[in-house]
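What follows is a set of notes on a single structure, which appears directly below.
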Amino acid sequence: MAALARSVRPDLRIVAAYLAPANLCSSHDMLTAGSLRVPAWVPIPWRQALWKLIHRGWIDPVTLPHLNAARGQAGLPAVAHFFEHMLAAPSVSMGLFPSWYAPTAPDWPASFSDGDFVGPGAQCTATLSSELQQFLSSGDAPIVFTPGTGHQHAARYFTAALQALQRLGRRAIFVTPHAAQLPAALPPHVLWQAHAPFCALLPRAAALVHHGGIGTTADALRSGTPQLIVPFAYDQFDNGLRARQWGVAEVLLARRLSARRMQRQLARLLSSPDVARACSALALKMEQGPDLPWLLDRVEAALFAPPAMPSNPLRD
């Protein structure tokens, strides 16, 4: 869309914001390829070859036909590689994650600017429902489970969660707008909520079990909540490994999901003083980050910055 808009307005400057480092497909900072872990010893040329295979085999065949059809209607030439086009189209790029979470990689766009997570932080004004407030006040801090707002096929996830809770003897809150995927009858120590503001809920939770979306990951980091990340797709695998590297999370791949594995990893998270210290340290780091107006300042600076020379991410 950026390139199409610029074809009408050649003077238009466009800022691209990347929610997660995995969206930039770096060969230098490549932790995963889907659910496949990429060890640090794998040479850069091998990683570049793997990215080429992924793009040419899976991404380009899906994205390029529609993109080039739209470009043809606008009188623009076809592009041969979706990812290269997406990185080169904006005038400047910025990350909506901090440099300590993912330092700038050599093959990111030359115009890339470090950023920070976007969220309410200390400015959280959300309120919890009376039902949720009552549940939180009636016992020990619960474990919060969510497979992600858009996930509609998580019946196995919630069944395993309920069995793990029974083994742990813990209370829980299940958060999903799709009630059909929940077990038929939830016991009194498990509360279902279609939605819940995590900035208000997580400070009162013992742990968070989630899919590894970047927003949910940042919410848990900000609140100092231990995380069990069960990634299903997209950037979730990468986010899970980054959180684990910081000592605040465990990762359980969805294809290996079972009640026993979930119970073991949750027990380790909840009992580890190292995890508690790491969570507190990162929560403090998040508090010391910039206030939300930094985003507008960065966008304004990016709009008036001189254009950078484009780079080729698959060869750098």
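Ordering of the structure tokens sets the chain letters (A, B, ...), residue numbers begin anew at 1 in every chain, and ligands are numbered from 1 in the order given.
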Using only C-alpha atoms, determine which residues lie at most 6 Å from range 16-27 of chain A, disregarding the query and same-chain residues fewer than 2 positions distant; provide the list as a PDB file with all heavy atoms, in the first residue's frame.
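Produced file selection19.pdb, reproduced below:
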ATOM      1  N   ASP A  29      19.980 -12.477  13.412  1.00  0.00           N
ATOM      2  CA  ASP A  29      19.295 -12.665  14.692  1.00  0.00           C
ATOM      3  C   ASP A  29      18.136 -13.638  14.488  1.00  0.00           C
ATOM      4  O   ASP A  29      17.002 -13.369  14.849  1.00  0.00           O
ATOM      5  CB  ASP A  29      18.797 -11.313  15.207  1.00  0.00           C
ATOM      6  CG  ASP A  29      18.275 -11.392  16.633  1.00  0.00           C
ATOM      7  OD1 ASP A  29      18.726 -12.278  17.373  1.00  0.00           O
ATOM      8  OD2 ASP A  29      17.409 -10.577  16.989  1.00  0.00           O
ATOM      9  N   MET A  30      18.440 -14.772  13.898  1.00  0.00           N
ATOM     10  CA  MET A  30      17.423 -15.762  13.532  1.00  0.00           C
ATOM     11  C   MET A  30      17.376 -16.848  14.604  1.00  0.00           C
ATOM     12  O   MET A  30      18.176 -17.774  14.612  1.00  0.00           O
ATOM     13  CB  MET A  30      17.749 -16.374  12.169  1.00  0.00           C
ATOM     14  CG  MET A  30      16.670 -17.284  11.611  1.00  0.00           C
ATOM     15  SD  MET A  30      17.161 -17.930   9.977  1.00  0.00           S
ATOM     16  CE  MET A  30      15.638 -18.740   9.471  1.00  0.00           C
ATOM     17  N   ARG A  47      21.593 -19.589   7.014  1.00  0.00           N
ATOM     18  CA  ARG A  47      20.363 -18.926   7.451  1.00  0.00           C
ATOM     19  C   ARG A  47      19.738 -18.140   6.304  1.00  0.00           C
ATOM     20  O   ARG A  47      18.511 -18.138   6.136  1.00  0.00           O
ATOM     21  CB  ARG A  47      20.658 -17.989   8.626  1.00  0.00           C
ATOM     22  CG  ARG A  47      21.255 -18.685   9.841  1.00  0.00           C
ATOM     23  CD  ARG A  47      21.448 -17.683  10.955  1.00  0.00           C
ATOM     24  NE  ARG A  47      22.266 -18.224  12.031  1.00  0.00           N
ATOM     25  CZ  ARG A  47      22.453 -17.639  13.192  1.00  0.00           C
ATOM     26  NH1 ARG A  47      21.891 -16.457  13.427  1.00  0.00           N
ATOM     27  NH2 ARG A  47      23.206 -18.192  14.128  1.00  0.00           N
ATOM     28  N   GLN A  48      20.579 -17.467   5.533  1.00  0.00           N
ATOM     29  CA  GLN A  48      20.069 -16.738   4.376  1.00  0.00           C
ATOM     30  C   GLN A  48      19.407 -17.682   3.375  1.00  0.00           C
ATOM     31  O   GLN A  48      18.352 -17.372   2.814  1.00  0.00           O
ATOM     32  CB  GLN A  48      21.216 -15.962   3.710  1.00  0.00           C
ATOM     33  CG  GLN A  48      21.745 -14.814   4.556  1.00  0.00           C
ATOM     34  CD  GLN A  48      23.006 -14.200   3.985  1.00  0.00           C
ATOM     35  OE1 GLN A  48      23.771 -14.871   3.292  1.00  0.00           O
ATOM     36  NE2 GLN A  48      23.234 -12.922   4.268  1.00  0.00           N
ATOM     37  N   PRO A  90       8.965   1.622   2.692  1.00  0.00           N
ATOM     38  CA  PRO A  90       8.863   2.779   3.594  1.00  0.00           C
ATOM     39  C   PRO A  90      10.076   3.699   3.471  1.00  0.00           C
ATOM     40  O   PRO A  90      11.168   3.266   3.105  1.00  0.00           O
ATOM     41  CB  PRO A  90       8.799   2.144   4.988  1.00  0.00           C
ATOM     42  CG  PRO A  90       8.461   0.717   4.764  1.00  0.00           C
ATOM     43  CD  PRO A  90       9.036   0.354   3.438  1.00  0.00           C
ATOM     44  N   SER A  93      11.973   3.163   9.000  1.00  0.00           N
ATOM     45  CA  SER A  93      11.357   2.076   9.767  1.00  0.00           C
ATOM     46  C   SER A  93      11.706   2.239  11.236  1.00  0.00           C
ATOM     47  O   SER A  93      12.765   2.759  11.584  1.00  0.00           O
ATOM     48  CB  SER A  93      11.853   0.718   9.264  1.00  0.00           C
ATOM     49  OG  SER A  93      11.596   0.559   7.882  1.00  0.00           O
ATOM     50  N   MET A  94      10.823   1.742  12.099  1.00  0.00           N
ATOM     51  CA  MET A  94      11.096   1.793  13.535  1.00  0.00           C
ATOM     52  C   MET A  94      10.510   0.557  14.201  1.00  0.00           C
ATOM     53  O   MET A  94       9.564  -0.068  13.695  1.00  0.00           O
ATOM     54  CB  MET A  94      10.518   3.057  14.157  1.00  0.00           C
ATOM     55  CG  MET A  94       9.006   3.154  14.101  1.00  0.00           C
ATOM     56  SD  MET A  94       8.387   4.713  14.797  1.00  0.00           S
ATOM     57  CE  MET A  94       9.050   4.610  16.444  1.00  0.00           C
ATOM     58  N   GLY A  95      11.104   0.185  15.327  1.00  0.00           N
ATOM     59  CA  GLY A  95      10.636  -0.976  16.062  1.00  0.00           C
ATOM     60  C   GLY A  95       9.748  -0.574  17.213  1.00  0.00           C
ATOM     61  O   GLY A  95      10.036   0.403  17.917  1.00  0.00           O
ATOM     62  N   LEU A  96       8.676  -1.298  17.418  1.00  0.00           N
ATOM     63  CA  LEU A  96       7.826  -1.098  18.585  1.00  0.00           C
ATOM     64  C   LEU A  96       8.217  -2.104  19.661  1.00  0.00           C
ATOM     65  O   LEU A  96       7.374  -2.763  20.274  1.00  0.00           O
ATOM     66  CB  LEU A  96       6.350  -1.211  18.205  1.00  0.00           C
ATOM     67  CG  LEU A  96       5.857  -0.160  17.216  1.00  0.00           C
ATOM     68  CD1 LEU A  96       4.356  -0.274  16.998  1.00  0.00           C
ATOM     69  CD2 LEU A  96       6.228   1.246  17.671  1.00  0.00           C
ATOM     70  N   ASP A 235       5.245 -14.834  14.861  1.00  0.00           N
ATOM     71  CA  ASP A 235       6.385 -14.386  15.669  1.00  0.00           C
ATOM     72  C   ASP A 235       6.383 -14.996  17.065  1.00  0.00           C
ATOM     73  O   ASP A 235       7.279 -14.714  17.863  1.00  0.00           O
ATOM     74  CB  ASP A 235       6.373 -12.857  15.779  1.00  0.00           C
ATOM     75  CG  ASP A 235       5.106 -12.350  16.466  1.00  0.00           C
ATOM     76  OD1 ASP A 235       4.013 -12.826  16.112  1.00  0.00           O
ATOM     77  OD2 ASP A 235       5.209 -11.465  17.334  1.00  0.00           O
TER      78      ASP A 235
END
- Query: How would you write, as a ChimeraX atom specification, the set of residues in range 94-145 of chain A that DSSP gives as helix (DSSP H, G or I)?
  - Reply: /A:121-123,130-137
- Message: What's around range 119-133 of chain A at 10 Å? Count only C-alpha atoms, leave out sequence neighbours fewer than 2 positions away in its own chain, and write the answer as a PyMOL selection string.
- Response: chain A and resi 116-117+135-138+173+191-193+195-201+215+218-219+222-223+286-287+289+291-292
- Task: May I have the residues within 12 Å of Arg264 in chain A as a VMD selection string, using only C-alpha atoms and disregarding those fewer than 2 positions away in the same chain?
- Result: chain A and resid 161 163 to 165 167 to 168 228 250 to 252 257 to 262 266 to 271
Would you write out those residues with N, CA and C atoms, as a compact mmCIF listing (two decimals), in the first residue's frame?
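out21.txt was written with the following content:
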# COMPACT_ATOMS: atom_id res chain seq x y z
N ALA A 161 -4.93 -27.52 30.20
CA ALA A 161 -4.79 -26.54 31.27
C ALA A 161 -5.59 -26.97 32.50
N GLN A 163 -6.50 -30.00 33.39
CA GLN A 163 -5.87 -31.15 34.01
C GLN A 163 -4.59 -30.75 34.77
N ALA A 164 -3.83 -29.83 34.20
CA ALA A 164 -2.61 -29.36 34.88
C ALA A 164 -2.97 -28.64 36.17
N LEU A 165 -4.02 -27.87 36.17
CA LEU A 165 -4.44 -27.15 37.37
C LEU A 165 -4.84 -28.12 38.48
N ARG A 167 -3.65 -31.05 38.99
CA ARG A 167 -2.43 -31.63 39.54
C ARG A 167 -1.67 -30.63 40.41
N LEU A 168 -1.75 -29.37 40.04
CA LEU A 168 -1.03 -28.34 40.79
C LEU A 168 -1.81 -27.86 42.01
N LEU A 228 4.53 -18.98 30.84
CA LEU A 228 4.67 -20.23 30.09
C LEU A 228 4.09 -19.94 28.71
N GLU A 250 9.17 -20.08 30.29
CA GLU A 250 9.43 -21.39 29.71
C GLU A 250 8.63 -21.46 28.41
N VAL A 251 9.06 -22.33 27.51
CA VAL A 251 8.38 -22.48 26.22
C VAL A 251 7.94 -23.93 26.06
N LEU A 252 6.70 -24.11 25.69
CA LEU A 252 6.14 -25.43 25.41
C LEU A 252 5.47 -25.38 24.05
N LEU A 257 2.18 -30.15 23.42
CA LEU A 257 1.34 -29.78 24.56
C LEU A 257 0.70 -31.00 25.22
N SER A 258 0.84 -31.09 26.52
CA SER A 258 0.17 -32.10 27.32
C SER A 258 -0.01 -31.55 28.73
N ALA A 259 -0.95 -32.12 29.46
CA ALA A 259 -1.19 -31.67 30.83
C ALA A 259 0.04 -31.88 31.70
N ARG A 260 0.74 -33.00 31.51
CA ARG A 260 1.91 -33.30 32.34
C ARG A 260 3.04 -32.30 32.08
N ARG A 261 3.31 -32.01 30.80
CA ARG A 261 4.37 -31.04 30.49
C ARG A 261 4.00 -29.64 30.99
N MET A 262 2.73 -29.27 30.83
CA MET A 262 2.28 -27.97 31.30
C MET A 262 2.42 -27.87 32.81
N LEU A 266 4.98 -25.24 34.70
CA LEU A 266 4.38 -24.26 35.60
C LEU A 266 4.92 -24.41 37.02
N ALA A 267 5.08 -25.64 37.48
CA ALA A 267 5.63 -25.86 38.82
C ALA A 267 7.02 -25.27 38.93
N ARG A 268 7.82 -25.42 37.88
CA ARG A 268 9.18 -24.87 37.89
C ARG A 268 9.16 -23.34 37.90
N LEU A 269 8.29 -22.76 37.10
CA LEU A 269 8.19 -21.30 37.06
C LEU A 269 7.75 -20.73 38.40
N LEU A 270 6.76 -21.36 39.02
CA LEU A 270 6.18 -20.82 40.24
C LEU A 270 7.07 -20.99 41.46
N SER A 271 8.00 -21.95 41.40
CA SER A 271 8.84 -22.23 42.57
C SER A 271 10.25 -21.69 42.45
- Can you tell me, as a PyMOL selection string, what residues are no more than 10 Å from Ala154 in chain A when counting only C-alpha atoms, ignoring any on the same chain fewer than 2 positions away? chain A and resi 146-148+151-152+156-160+176+178+180-182+254
Would you save the residues of that selection, restricted to N, CA, C and O atoms, as a PDB file, in the first residue's frame?
ATOM      1  N   THR A 146      -4.512 -17.920  28.320  1.00  0.00           N
ATOM      2  CA  THR A 146      -5.132 -17.426  27.101  1.00  0.00           C
ATOM      3  C   THR A 146      -4.341 -17.914  25.898  1.00  0.00           C
ATOM      4  O   THR A 146      -3.118 -17.794  25.877  1.00  0.00           O
ATOM      5  N   PRO A 147      -5.013 -18.459  24.884  1.00  0.00           N
ATOM      6  CA  PRO A 147      -4.313 -18.864  23.658  1.00  0.00           C
ATOM      7  C   PRO A 147      -4.269 -17.743  22.618  1.00  0.00           C
ATOM      8  O   PRO A 147      -3.799 -17.948  21.506  1.00  0.00           O
ATOM      9  N   GLY A 148      -4.774 -16.544  22.985  1.00  0.00           N
ATOM     10  CA  GLY A 148      -4.840 -15.432  22.051  1.00  0.00           C
ATOM     11  C   GLY A 148      -6.273 -15.160  21.646  1.00  0.00           C
ATOM     12  O   GLY A 148      -7.088 -16.079  21.511  1.00  0.00           O
ATOM     13  N   HIS A 151      -7.622 -17.001  18.484  1.00  0.00           N
ATOM     14  CA  HIS A 151      -7.480 -18.462  18.401  1.00  0.00           C
ATOM     15  C   HIS A 151      -8.828 -19.116  18.693  1.00  0.00           C
ATOM     16  O   HIS A 151      -9.357 -18.993  19.787  1.00  0.00           O
ATOM     17  N   GLN A 152      -9.350 -19.850  17.716  1.00  0.00           N
ATOM     18  CA  GLN A 152     -10.649 -20.492  17.872  1.00  0.00           C
ATOM     19  C   GLN A 152     -10.568 -22.015  17.885  1.00  0.00           C
ATOM     20  O   GLN A 152     -11.594 -22.687  17.803  1.00  0.00           O
ATOM     21  N   ARG A 156      -8.020 -28.363  22.921  1.00  0.00           N
ATOM     22  CA  ARG A 156      -6.989 -29.217  23.535  1.00  0.00           C
ATOM     23  C   ARG A 156      -6.157 -28.432  24.544  1.00  0.00           C
ATOM     24  O   ARG A 156      -5.773 -28.962  25.591  1.00  0.00           O
ATOM     25  N   TYR A 157      -5.895 -27.182  24.243  1.00  0.00           N
ATOM     26  CA  TYR A 157      -5.134 -26.308  25.134  1.00  0.00           C
ATOM     27  C   TYR A 157      -5.847 -26.159  26.480  1.00  0.00           C
ATOM     28  O   TYR A 157      -5.240 -26.313  27.544  1.00  0.00           O
ATOM     29  N   PHE A 158      -7.134 -25.856  26.450  1.00  0.00           N
ATOM     30  CA  PHE A 158      -7.868 -25.633  27.698  1.00  0.00           C
ATOM     31  C   PHE A 158      -8.101 -26.939  28.461  1.00  0.00           C
ATOM     32  O   PHE A 158      -8.128 -26.952  29.698  1.00  0.00           O
ATOM     33  N   THR A 159      -8.264 -28.039  27.740  1.00  0.00           N
ATOM     34  CA  THR A 159      -8.403 -29.335  28.417  1.00  0.00           C
ATOM     35  C   THR A 159      -7.118 -29.674  29.171  1.00  0.00           C
ATOM     36  O   THR A 159      -7.154 -30.104  30.335  1.00  0.00           O
ATOM     37  N   ALA A 160      -5.971 -29.479  28.518  1.00  0.00           N
ATOM     38  CA  ALA A 160      -4.684 -29.719  29.176  1.00  0.00           C
ATOM     39  C   ALA A 160      -4.502 -28.766  30.346  1.00  0.00           C
ATOM     40  O   ALA A 160      -3.979 -29.153  31.414  1.00  0.00           O
ATOM     41  N   THR A 176     -10.768 -16.070  26.910  1.00  0.00           N
ATOM     42  CA  THR A 176     -10.998 -16.290  25.481  1.00  0.00           C
ATOM     43  C   THR A 176     -12.399 -15.814  25.139  1.00  0.00           C
ATOM     44  O   THR A 176     -13.335 -16.040  25.921  1.00  0.00           O
ATOM     45  N   HIS A 178     -14.050 -17.082  22.771  1.00  0.00           N
ATOM     46  CA  HIS A 178     -14.661 -18.220  22.086  1.00  0.00           C
ATOM     47  C   HIS A 178     -14.977 -19.311  23.111  1.00  0.00           C
ATOM     48  O   HIS A 178     -14.215 -20.265  23.312  1.00  0.00           O
ATOM     49  N   ALA A 180     -16.936 -21.758  23.133  1.00  0.00           N
ATOM     50  CA  ALA A 180     -17.193 -23.110  22.649  1.00  0.00           C
ATOM     51  C   ALA A 180     -15.983 -24.023  22.794  1.00  0.00           C
ATOM     52  O   ALA A 180     -16.126 -25.252  22.825  1.00  0.00           O
ATOM     53  N   GLN A 181     -14.768 -23.464  22.891  1.00  0.00           N
ATOM     54  CA  GLN A 181     -13.581 -24.303  22.992  1.00  0.00           C
ATOM     55  C   GLN A 181     -13.213 -24.629  24.444  1.00  0.00           C
ATOM     56  O   GLN A 181     -12.247 -25.356  24.691  1.00  0.00           O
ATOM     57  N   LEU A 182     -14.005 -24.141  25.407  1.00  0.00           N
ATOM     58  CA  LEU A 182     -13.749 -24.453  26.811  1.00  0.00           C
ATOM     59  C   LEU A 182     -14.328 -25.814  27.174  1.00  0.00           C
ATOM     60  O   LEU A 182     -15.265 -26.297  26.529  1.00  0.00           O
ATOM     61  N   ALA A 254       3.241 -26.013  20.900  1.00  0.00           N
ATOM     62  CA  ALA A 254       1.863 -26.482  20.851  1.00  0.00           C
ATOM     63  C   ALA A 254       1.773 -27.944  20.436  1.00  0.00           C
ATOM     64  O   ALA A 254       0.924 -28.690  20.933  1.00  0.00           O
TER      65      ALA A 254
END
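Compared by their closest atoms to Ala88 in chain A, and using only C-alpha atoms, the residues A:Ala249, A:Phe112, A:Pro226, A:Gly139 rank with A:Phe112 nearest.
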- Message: Need the shell around Pro142 in chain A: protein/DNA/RNA residues with any atom at most 6 Å away, counting only C-alpha atoms. Skip same-chain ones fewer than 3 positions apart. Format as number ranges by chain?
- Response: A: 171-172, 205-206
- Show which residues sit within 12 Å of Lys52 in chain A, as a PyMOL selection string. Count only C-alpha atoms, and ignore same-chain residues fewer than 6 positions away. chain A and resi 25-27+33+45-46+58-60+81-84+313-315
Give me a file of those residues, with N, CA, C and O atoms, as a PDB file, in the first residue's frame.
ATOM      1  N   CYS A  25      12.715 -10.608   9.819  1.00  0.00           N
ATOM      2  CA  CYS A  25      13.326 -11.765   9.150  1.00  0.00           C
ATOM      3  C   CYS A  25      14.848 -11.661   9.046  1.00  0.00           C
ATOM      4  O   CYS A  25      15.421 -11.828   7.957  1.00  0.00           O
ATOM      5  N   SER A  26      15.509 -11.402  10.141  1.00  0.00           N
ATOM      6  CA  SER A  26      16.966 -11.244  10.113  1.00  0.00           C
ATOM      7  C   SER A  26      17.665 -12.597   9.997  1.00  0.00           C
ATOM      8  O   SER A  26      17.267 -13.579  10.621  1.00  0.00           O
ATOM      9  N   SER A  27      18.735 -12.628   9.216  1.00  0.00           N
ATOM     10  CA  SER A  27      19.597 -13.816   9.170  1.00  0.00           C
ATOM     11  C   SER A  27      20.640 -13.777  10.289  1.00  0.00           C
ATOM     12  O   SER A  27      21.195 -14.808  10.652  1.00  0.00           O
ATOM     13  N   ALA A  33      12.863 -20.808  12.867  1.00  0.00           N
ATOM     14  CA  ALA A  33      12.199 -20.833  11.565  1.00  0.00           C
ATOM     15  C   ALA A  33      10.896 -21.587  11.793  1.00  0.00           C
ATOM     16  O   ALA A  33      10.871 -22.814  11.767  1.00  0.00           O
ATOM     17  N   PRO A  45      25.338 -17.741   5.925  1.00  0.00           N
ATOM     18  CA  PRO A  45      24.873 -18.141   4.578  1.00  0.00           C
ATOM     19  C   PRO A  45      23.796 -19.225   4.628  1.00  0.00           C
ATOM     20  O   PRO A  45      22.897 -19.248   3.779  1.00  0.00           O
ATOM     21  N   TRP A  46      23.903 -20.139   5.580  1.00  0.00           N
ATOM     22  CA  TRP A  46      22.875 -21.171   5.708  1.00  0.00           C
ATOM     23  C   TRP A  46      21.538 -20.552   6.120  1.00  0.00           C
ATOM     24  O   TRP A  46      20.481 -20.950   5.636  1.00  0.00           O
ATOM     25  N   TRP A  58       6.877 -20.383   0.431  1.00  0.00           N
ATOM     26  CA  TRP A  58       5.629 -20.209   1.170  1.00  0.00           C
ATOM     27  C   TRP A  58       5.056 -18.801   1.096  1.00  0.00           C
ATOM     28  O   TRP A  58       3.847 -18.636   0.955  1.00  0.00           O
ATOM     29  N   ILE A  59       5.898 -17.785   1.202  1.00  0.00           N
ATOM     30  CA  ILE A  59       5.390 -16.410   1.321  1.00  0.00           C
ATOM     31  C   ILE A  59       5.119 -15.781  -0.037  1.00  0.00           C
ATOM     32  O   ILE A  59       4.019 -15.278  -0.294  1.00  0.00           O
ATOM     33  N   ASP A  60       6.104 -15.813  -0.938  1.00  0.00           N
ATOM     34  CA  ASP A  60       5.935 -15.166  -2.243  1.00  0.00           C
ATOM     35  C   ASP A  60       4.760 -15.730  -3.044  1.00  0.00           C
ATOM     36  O   ASP A  60       3.994 -14.957  -3.648  1.00  0.00           O
ATOM     37  N   HIS A  81      10.048 -10.108  -5.221  1.00  0.00           N
ATOM     38  CA  HIS A  81      10.251 -10.650  -3.885  1.00  0.00           C
ATOM     39  C   HIS A  81       9.468  -9.814  -2.886  1.00  0.00           C
ATOM     40  O   HIS A  81       9.728  -8.622  -2.726  1.00  0.00           O
ATOM     41  N   PHE A  82       8.502 -10.422  -2.238  1.00  0.00           N
ATOM     42  CA  PHE A  82       7.608  -9.677  -1.349  1.00  0.00           C
ATOM     43  C   PHE A  82       8.368  -9.040  -0.187  1.00  0.00           C
ATOM     44  O   PHE A  82       8.179  -7.855   0.125  1.00  0.00           O
ATOM     45  N   PHE A  83       9.227  -9.795   0.486  1.00  0.00           N
ATOM     46  CA  PHE A  83       9.884  -9.286   1.687  1.00  0.00           C
ATOM     47  C   PHE A  83      10.822  -8.122   1.363  1.00  0.00           C
ATOM     48  O   PHE A  83      10.829  -7.102   2.047  1.00  0.00           O
ATOM     49  N   GLU A  84      11.629  -8.255   0.317  1.00  0.00           N
ATOM     50  CA  GLU A  84      12.510  -7.154  -0.071  1.00  0.00           C
ATOM     51  C   GLU A  84      11.701  -5.905  -0.386  1.00  0.00           C
ATOM     52  O   GLU A  84      12.081  -4.779  -0.024  1.00  0.00           O
ATOM     53  N   PRO A 313      18.134  -7.317   2.412  1.00  0.00           N
ATOM     54  CA  PRO A 313      18.200  -8.133   3.612  1.00  0.00           C
ATOM     55  C   PRO A 313      18.611  -9.578   3.345  1.00  0.00           C
ATOM     56  O   PRO A 313      19.089 -10.255   4.246  1.00  0.00           O
ATOM     57  N   LEU A 314      18.419 -10.074   2.130  1.00  0.00           N
ATOM     58  CA  LEU A 314      18.740 -11.462   1.853  1.00  0.00           C
ATOM     59  C   LEU A 314      20.213 -11.642   1.465  1.00  0.00           C
ATOM     60  O   LEU A 314      20.686 -12.751   1.363  1.00  0.00           O
ATOM     61  N   ARG A 315      20.929 -10.528   1.257  1.00  0.00           N
ATOM     62  CA  ARG A 315      22.343 -10.647   0.890  1.00  0.00           C
ATOM     63  C   ARG A 315      23.256 -10.000   1.916  1.00  0.00           C
ATOM     64  O   ARG A 315      24.462 -10.212   1.877  1.00  0.00           O
TER      65      ARG A 315
END
- So which one's closest to His55 in chain A, A:Leu12, A:Ala110, A:Ala80, A:Ala233? Using only C-alpha atoms, please. A:Ala80
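Every residue of range 147-304 of chain A found in strand (DSSP E) when DSSP is run on the backbone appears here: Ala172, Ile173, Phe174, Val175, Val190, Leu191, Trp192, Gln193, Ala207, Leu208, Val209, His210, Gln227, Leu228, Ile229, Ala249, Glu250 and Val251 of chain A.
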